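S.K.: Take a look at target.cif, mmCIF, C-alpha atoms:
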data_protein
loop_
_atom_site.label_atom_id
_atom_site.label_comp_id
_atom_site.auth_asym_id
_atom_site.auth_seq_id
_atom_site.Cartn_x
_atom_site.Cartn_y
_atom_site.Cartn_z
CA MET A 131 -11.20 12.20 17.32
CA SER A 132 -10.34 10.61 14.04
CA SER A 133 -7.08 8.71 13.75
CA ILE A 134 -6.68 10.18 10.27
CA ARG A 135 -5.33 13.60 9.41
CA VAL A 136 -5.59 14.37 5.73
CA ARG A 137 -5.19 17.31 3.39
CA ALA A 138 -6.18 17.35 -0.27
CA GLN A 139 -5.03 20.32 -2.30
CA LEU A 140 -5.88 20.97 -5.93
CA LYS A 141 -3.26 22.65 -8.08
CA ASP A 142 -3.24 22.81 -11.89
CA GLY A 143 -5.75 19.97 -12.15
CA VAL A 144 -3.80 17.66 -9.85
CA THR A 145 -4.98 16.85 -6.34
CA GLN A 146 -2.18 16.22 -3.89
CA VAL A 147 -3.16 14.20 -0.86
CA ARG A 148 -1.09 14.00 2.29
CA THR A 149 -2.21 11.94 5.21
CA LEU A 150 -1.00 10.89 8.65
CA ILE A 151 -2.67 8.07 10.54
CA SER A 152 -2.22 7.40 14.26
CA HIS A 153 -1.49 3.70 14.55
CA PRO A 154 1.13 1.61 16.42
CA MET A 155 2.04 -0.57 13.38
CA GLU A 156 3.42 -3.30 15.66
CA THR A 157 5.31 -5.97 13.75
CA GLY A 158 4.75 -8.76 16.27
CA GLN A 159 8.56 -9.14 16.51
CA ARG A 160 9.18 -6.78 19.39
CA THR A 161 9.47 -7.80 23.01
CA GLY A 162 7.73 -5.71 25.66
CA SER A 163 9.13 -4.74 29.07
CA ASP A 164 7.39 -7.81 30.55
CA GLY A 165 9.48 -10.07 28.33
CA LYS A 166 6.52 -11.08 26.23
CA LYS A 167 6.16 -10.51 22.51
CA ILE A 168 4.02 -7.52 21.66
CA PRO A 169 1.28 -8.88 19.38
CA ALA A 170 1.23 -7.77 15.75
CA HIS A 171 -1.07 -4.81 15.18
CA TYR A 172 -0.81 -3.04 11.87
CA ILE A 173 -2.94 -1.49 9.14
CA THR A 174 -3.46 -3.86 6.23
CA LYS A 175 -5.41 -1.65 3.84
CA VAL A 176 -5.98 2.03 3.17
CA GLN A 177 -8.52 3.14 0.60
CA ALA A 178 -8.98 6.51 -1.02
CA ARG A 179 -11.99 7.36 -3.16
CA VAL A 180 -13.83 10.33 -4.56
CA GLY A 181 -17.49 9.38 -4.68
CA ASP A 182 -17.61 6.00 -6.42
CA ARG A 183 -14.24 6.51 -8.03
CA HIS A 184 -11.35 4.39 -6.80
CA VAL A 185 -8.27 6.58 -6.42
CA LEU A 186 -5.83 4.43 -4.48
CA THR A 187 -5.73 1.25 -2.44
CA ALA A 188 -2.68 0.72 -0.28
CA HIS A 189 -1.90 -2.78 1.01
CA TRP A 190 0.41 -2.47 3.96
CA GLY A 191 2.44 -4.95 5.95
CA PRO A 192 4.18 -4.38 9.27
CA GLY A 193 7.09 -2.80 7.38
CA ILE A 194 5.34 0.56 7.29
CA SER A 195 6.46 2.90 10.08
CA ARG A 196 4.45 3.67 13.20
CA ASN A 197 1.96 6.52 12.69
CA PRO A 198 2.05 6.04 8.92
CA TYR A 199 2.50 8.81 6.40
CA LEU A 200 1.20 8.51 2.86
CA SER A 201 1.06 10.96 0.01
CA PHE A 202 -0.20 10.53 -3.53
CA GLU A 203 -1.54 12.56 -6.46
CA PHE A 204 -4.42 12.17 -8.85
CA GLU A 205 -6.10 14.01 -11.69
CA GLY A 206 -9.72 14.66 -12.53
CA ALA A 207 -11.18 15.99 -9.29
CA SER A 208 -12.67 19.43 -8.74
CA ALA A 209 -12.44 21.79 -5.82
CA GLY A 210 -15.21 20.96 -3.38
CA ASP A 211 -15.23 17.23 -4.19
CA LEU A 212 -15.05 15.02 -1.14
CA LEU A 213 -12.14 12.65 -0.77
CA SER A 214 -12.86 9.75 1.54
CA LEU A 215 -10.12 7.84 3.24
CA SER A 216 -10.45 4.66 5.28
CA TRP A 217 -8.22 2.05 6.86
CA VAL A 218 -8.61 -1.39 8.36
CA ASP A 219 -6.03 -3.29 10.43
CA ASN A 220 -5.15 -6.93 11.09
CA LEU A 221 -7.32 -6.95 14.23
CA GLY A 222 -10.37 -5.73 12.33
CA GLU A 223 -10.27 -2.21 13.71
CA SER A 224 -10.99 0.55 11.24
CA ASP A 225 -11.53 4.25 10.78
CA SER A 226 -12.54 6.61 8.01
CA THR A 227 -12.79 10.28 7.28
CA GLN A 228 -13.73 12.69 4.54
CA VAL A 229 -12.04 15.87 3.44
CA GLU A 230 -13.05 18.51 0.96
CA ILE A 231 -10.60 19.04 -1.87
CA ALA A 232 -9.44 22.64 -1.61
CA MET B 531 -37.82 -3.60 -7.97
CA ASN B 532 -36.99 -5.39 -11.16
CA SER B 533 -33.47 -4.09 -11.17
CA LYS B 534 -32.98 -5.09 -7.55
CA ARG B 535 -33.96 -8.60 -8.46
CA ARG B 536 -31.38 -8.58 -11.22
CA VAL B 537 -28.66 -7.42 -8.88
CA LEU B 538 -29.64 -10.15 -6.47
CA LEU B 539 -29.57 -12.72 -9.26
CA LYS B 540 -26.17 -11.52 -10.43
CA GLY B 541 -24.81 -11.71 -6.93
CA THR B 542 -26.15 -15.21 -6.45
CA LEU B 543 -24.68 -16.34 -9.75
CA ALA B 544 -21.31 -14.83 -8.98
CA ALA B 545 -21.26 -16.41 -5.54
CA GLY B 546 -22.21 -19.70 -7.18
CA THR B 547 -19.31 -19.48 -9.62
CA VAL B 548 -16.78 -18.85 -6.89
CA GLY B 549 -18.35 -21.67 -4.88
CA VAL B 550 -17.93 -24.07 -7.80
CA ALA B 551 -14.34 -22.98 -8.34
CA VAL B 552 -13.57 -23.53 -4.66
CA GLY B 553 -15.32 -26.90 -4.78
CA ALA B 554 -13.31 -27.96 -7.81
CA GLY B 555 -10.07 -27.11 -6.04
CA VAL B 556 -9.24 -24.42 -8.58
CA LEU B 557 -9.36 -21.81 -5.90
CA THR B 558 -8.75 -23.00 -2.40
CA PRO B 559 -10.31 -20.77 0.25
CA ARG B 560 -6.80 -20.02 1.44
CA ASN B 561 -5.92 -18.70 -2.01
CA VAL B 562 -8.95 -16.49 -2.19
CA LEU B 563 -8.67 -14.99 1.25
CA ALA B 564 -4.96 -14.91 1.88
CA GLU B 565 -3.67 -14.05 -1.57
CA ALA B 566 -3.13 -10.41 -0.79
CA ARG B 567 -1.55 -11.07 2.57
CA GLU B 568 0.76 -13.81 1.33
CA ALA B 569 3.12 -11.35 -0.32
CA PHE B 570 3.85 -9.91 3.13
CA GLN B 571 5.58 -13.14 4.20
CA GLU B 572 9.24 -14.00 4.48
CA GLY B 573 10.87 -14.95 1.22
CA SER B 574 13.26 -13.97 -1.52
CA MET B 575 12.61 -10.83 -3.52
CA ASP B 576 11.64 -12.92 -6.55
CA GLU B 577 9.12 -14.99 -4.61
CA ILE B 578 7.65 -11.89 -3.05
CA LEU B 579 7.36 -10.10 -6.40
CA LYS B 580 5.67 -13.11 -7.95
CA SER B 581 2.99 -13.19 -5.31
CA ALA B 582 2.63 -9.41 -5.07
CA LEU B 583 2.66 -8.44 -8.75
CA GLY B 584 2.31 -11.75 -10.58
CA SER B 585 5.83 -11.90 -12.02
CA ASP B 586 9.43 -11.63 -10.89
CA HIS B 587 10.68 -10.39 -14.24
CA HIS B 588 11.35 -6.66 -14.06
CA GLU B 589 13.40 -4.33 -16.16
CA ALA B 590 15.50 -1.66 -14.47
CA GLY B 591 14.49 1.87 -15.41
CA HIS B 592 11.64 4.38 -15.50
CA VAL B 593 11.35 4.28 -11.71
CA ARG B 594 12.99 6.72 -9.36
CA VAL B 595 13.37 5.92 -5.68
CA GLU B 596 14.15 8.76 -3.33
CA ALA B 597 15.37 7.90 0.15
CA PRO B 598 18.12 9.13 2.46
CA ASN B 599 21.68 7.82 1.89
CA ILE B 600 21.98 7.16 5.59
CA ALA B 601 19.08 6.42 7.92
CA GLU B 602 20.04 6.88 11.55
CA ASN B 603 16.77 5.33 12.63
CA GLY B 604 15.67 2.31 10.60
CA ALA B 605 12.20 2.53 12.14
CA VAL B 606 11.36 5.59 10.07
CA VAL B 607 12.85 5.80 6.59
CA PRO B 608 11.09 8.22 4.25
CA VAL B 609 10.72 6.81 0.74
CA SER B 610 9.31 8.41 -2.40
CA VAL B 611 8.69 6.51 -5.61
CA GLU B 612 7.97 8.10 -8.95
CA SER B 613 7.71 6.73 -12.48
CA ASP B 614 7.59 8.41 -15.89
CA LEU B 615 5.54 5.55 -17.36
CA ASP B 616 1.94 5.80 -18.51
CA GLY B 617 -0.78 3.47 -17.37
CA VAL B 618 0.81 2.36 -14.11
CA THR B 619 -1.69 0.24 -12.20
CA GLU B 620 0.42 -1.03 -9.31
CA ILE B 621 3.47 -0.06 -7.30
CA ALA B 622 5.33 -2.24 -4.79
CA ILE B 623 7.94 -0.95 -2.34
CA LEU B 624 10.40 -3.47 -0.90
CA ALA B 625 13.27 -3.30 1.57
CA ALA B 626 15.57 -5.98 0.19
CA ALA B 627 17.12 -7.16 3.47
CA ASN B 628 14.00 -7.11 5.65
CA SER B 629 12.78 -10.55 6.75
CA THR B 630 9.49 -9.66 5.09
CA PRO B 631 10.77 -7.57 2.18
CA LEU B 632 7.44 -6.22 0.90
CA THR B 633 6.54 -3.10 2.85
CA SER B 634 3.54 -2.06 0.80
CA ARG B 635 1.71 -2.44 -2.46
CA TYR B 636 -0.49 0.17 -4.09
CA GLU B 637 -3.31 -0.19 -6.62
CA LEU B 638 -3.75 2.99 -8.61
CA GLY B 639 -7.08 4.08 -10.01
CA GLU B 640 -7.36 5.73 -13.39
CA GLY B 641 -5.94 9.24 -13.21
CA THR B 642 -3.80 8.48 -10.16
CA ARG B 643 -0.20 9.40 -10.80
CA PRO B 644 2.60 6.92 -10.29
CA LYS B 645 3.98 8.88 -7.39
CA ILE B 646 3.81 7.64 -3.80
CA SER B 647 5.57 8.74 -0.63
CA THR B 648 5.55 6.89 2.66
CA ARG B 649 7.82 5.89 5.55
CA ILE B 650 9.12 2.36 5.95
CA LYS B 651 11.02 0.28 8.52
CA MET B 652 14.42 -1.16 7.59
CA GLY B 653 16.16 -3.84 9.63
CA GLU B 654 19.59 -3.26 8.11
CA THR B 655 21.45 -1.57 5.28
CA SER B 656 20.04 -2.58 1.92
CA ASP B 657 18.46 -1.38 -1.29
CA VAL B 658 14.97 0.02 -1.25
CA VAL B 659 13.42 -1.39 -4.41
CA ALA B 660 10.32 -0.06 -6.09
CA VAL B 661 8.60 -2.06 -8.82
CA VAL B 662 5.84 -0.59 -10.95
CA LYS B 663 3.46 -2.45 -13.21
CA ASN B 664 1.79 -1.24 -16.38
CA GLY B 665 0.39 -2.97 -19.46
CA ASP B 666 3.89 -3.67 -20.76
CA GLY B 667 5.30 -5.37 -17.70
CA LEU B 668 7.28 -4.57 -14.58
CA TYR B 669 9.91 -1.86 -14.18
CA SER B 670 12.06 -1.19 -11.18
CA GLY B 671 14.27 1.34 -9.48
CA ARG B 672 16.41 1.08 -6.39
CA LYS B 673 18.36 3.13 -3.92
CA GLU B 674 20.73 1.95 -1.23
CA VAL B 675 20.04 3.15 2.31
CA LYS B 676 22.66 2.67 5.01
CA VAL B 677 20.91 1.94 8.27
CA THR B 678 22.69 2.87 11.50
CA VAL B 679 20.13 1.43 13.95
CA GLY B 680 17.74 -1.19 12.62
CA GLY B 681 14.06 -0.56 13.03
CA CYS B 682 12.34 -3.93 12.98
CA GLY B 683 13.18 -5.85 16.14
CA GLY B 684 13.93 -4.89 19.52
#
Represent the structure of the file as structure tokens.
M.R.:
Amino acid sequence: MSSIRVRAQLKDGVTQVRTLISHPMETGQRTGSDGKKIPAHYITKVQARVGDRHVLTAHWGPGISRNPYLSFEFEGASAGDLLSLSWVDNLGESDSTQVEIA
Amino acid sequence: MNSKRRVLLKGTLAAGTVGVAVGAGVLTPRNVLAEAREAFQEGSMDEILKSALGSDHHEAGHVRVEAPNIAENGAVVPVSVESDLDGVTEIAILAAANSTPLTSRYELGEGTRPKISTRIKMGETSDVVAVVKNGDGLYSGRKEVKVTVGGCGG
């Protein structure tokens, strides 16, 4: 199952995107129950595009909350266009998904 | 086939240029690779803004920050940023008192509105500052959030 849940809704020419990503977003500052530091593990980049068009790139640090939420709006897309969303984290893990703009 | 060759040539040339720049010490590899990440380090707001957006000079206004007055849980503070400016290309969201103040930076494509919502961690009570960049410079807005239980350590 994808780590990304995303909805893209078109209204009056504006596409509103709301997304939730499952990710621990560990800062590297916290101590685990074993007394050891929990290693940093956080998303560093989220990209949204429609076809070749760059819509948004988010650069994140560990200051974004666990299971991150992101919403944004853009113009110029049509219903049925595919919005693709991808993320990569500091350990090189990644995921991506596509959603039809409705 | 011809066009592929051109693309290949272009790529080789571009790689060559970067290589020369690195060789000449203009761009150290650290600069090239770590530039984006550097802004997520510890530092003063001004230092962070310089490395994130290229300048620490920002004018107050044209940016609205929405966040709760009181956050009981600093680990999850909802923040919305909106600007009435045209041509915004970048937005940075900072929590002034966090050890690494920059929470996130956004590059907006053409047609993307200067309106972003997310959730950030706050270590203690401070201003949430949003800085937006357009062709004219940097503009900022801020909102104080009182944090009951910090959300960074622990």
S.K.: Residues within 12 Å of (1.7, -10.3, -7.3), file coordinates, counting all atoms listed in the file: what are they? Give the list as JSON, numbers by chain.
M.R.: {"A": [189], "B": [565, 566, 567, 568, 569, 570, 575, 576, 577, 578, 579, 580, 581, 582, 583, 584, 585, 586, 587, 620, 621, 622, 632, 634, 635, 636, 637, 661, 662, 663, 668]}
S.K.: Can you list what the PyMOL selection byres ((chain A) within 9 of (chain B)) grabs from this structure, as JSON, numbers by chain?
M.R.: {"A": [148, 157, 158, 159, 160, 161, 162, 174, 183, 184, 185, 186, 187, 188, 189, 190, 191, 192, 193, 194, 195, 196, 198, 199, 200, 201, 202, 203, 204, 205, 206]}
S.K.: Of the candidates A:Gly165, A:Val144, A:Ala209, A:Ser214, which shows the shortest atom-to-atom distance to Asp182 of chain A, using all atoms listed in the file?
M.R.: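 Nearest candidate to Asp182 of chain A out of A:Gly165, A:Val144, A:Ala209, A:Ser214: A:Ser214.
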S.K.: Quote the spacing between atom CA of Thr655 of chain B and atom CA of Glu596 of chain B in Å to one decimal place.
M.R.: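 Value for the atom CA of Thr655 of chain B-atom CA of Glu596 of chain B distance: 15.3 Å.
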S.K.: Check the smallest atom-to-atom distance from each of A:Lys141, A:His171, A:Arg179, A:Lys166 to Asp219 of chain A using only C-alpha atoms, then report the winner.
M.R.: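 For Asp219 of chain A, the nearest of the given residues is A:His171.
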S.K.: Evaluate the PyMOL selection byres ((chain A and resi 217) around 9) here and jot the selected residues down as a ChimeraX atom specification.
M.R.: /A:134,151,173-177,215-216,218-219,223-226
S.K.: To one decimal place in Å, what is the distance between atom CA of Gly181 of chain A and atom CA of Asp614 of chain B?
M.R.: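 These two atoms are separated by 27.5 Å.
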S.K.: By how many Å are atom CA of Val136 of chain A and atom CA of Asn599 of chain B apart?
M.R.: 28.3 Å
S.K.: So, counting all atoms listed in the file, which residue among B:Val595, B:Ser613, B:Ala626, B:Ser656 is closest to Tyr669 of chain B?
M.R.: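 Comparing B:Val595, B:Ser613, B:Ala626, B:Ser656 against Tyr669 of chain B, the winner is B:Ser613.
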S.K.: Would you mind telling me which residue in A:Asp211, A:Lys167, A:Arg135, A:Tyr172 lies nearest to Leu150 of chain A when using only C-alpha atoms?
M.R.: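 Going through A:Asp211, A:Lys167, A:Arg135, A:Tyr172 one by one, the smallest distance to Leu150 of chain A is for A:Arg135.
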S.K.: Go through the shown structure with the PyMOL selection byres ((chain B and resi 679) around 7) and write out the matching residues as a list in words.
M.R.: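 When the PyMOL selection byres ((chain B and resi 679) around 7) is applied to the shown file, the picked residues are Glu602, Asn603, Gly604, Val677, Thr678, Gly680 and Gly681 of chain B.
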S.K.: Let me have the centre and edge lengths of the axis-aligned box enclosing all listed atoms of segment 135-153 of chain A with 3 Å padding on every side, in Å to one decimal, as lines of an AutoDock Vina configuration file.
M.R.:
center_x = -3.6
center_y = 13.3
center_z = 1.2
size_x = 11.2
size_y = 25.1
size_z = 32.7
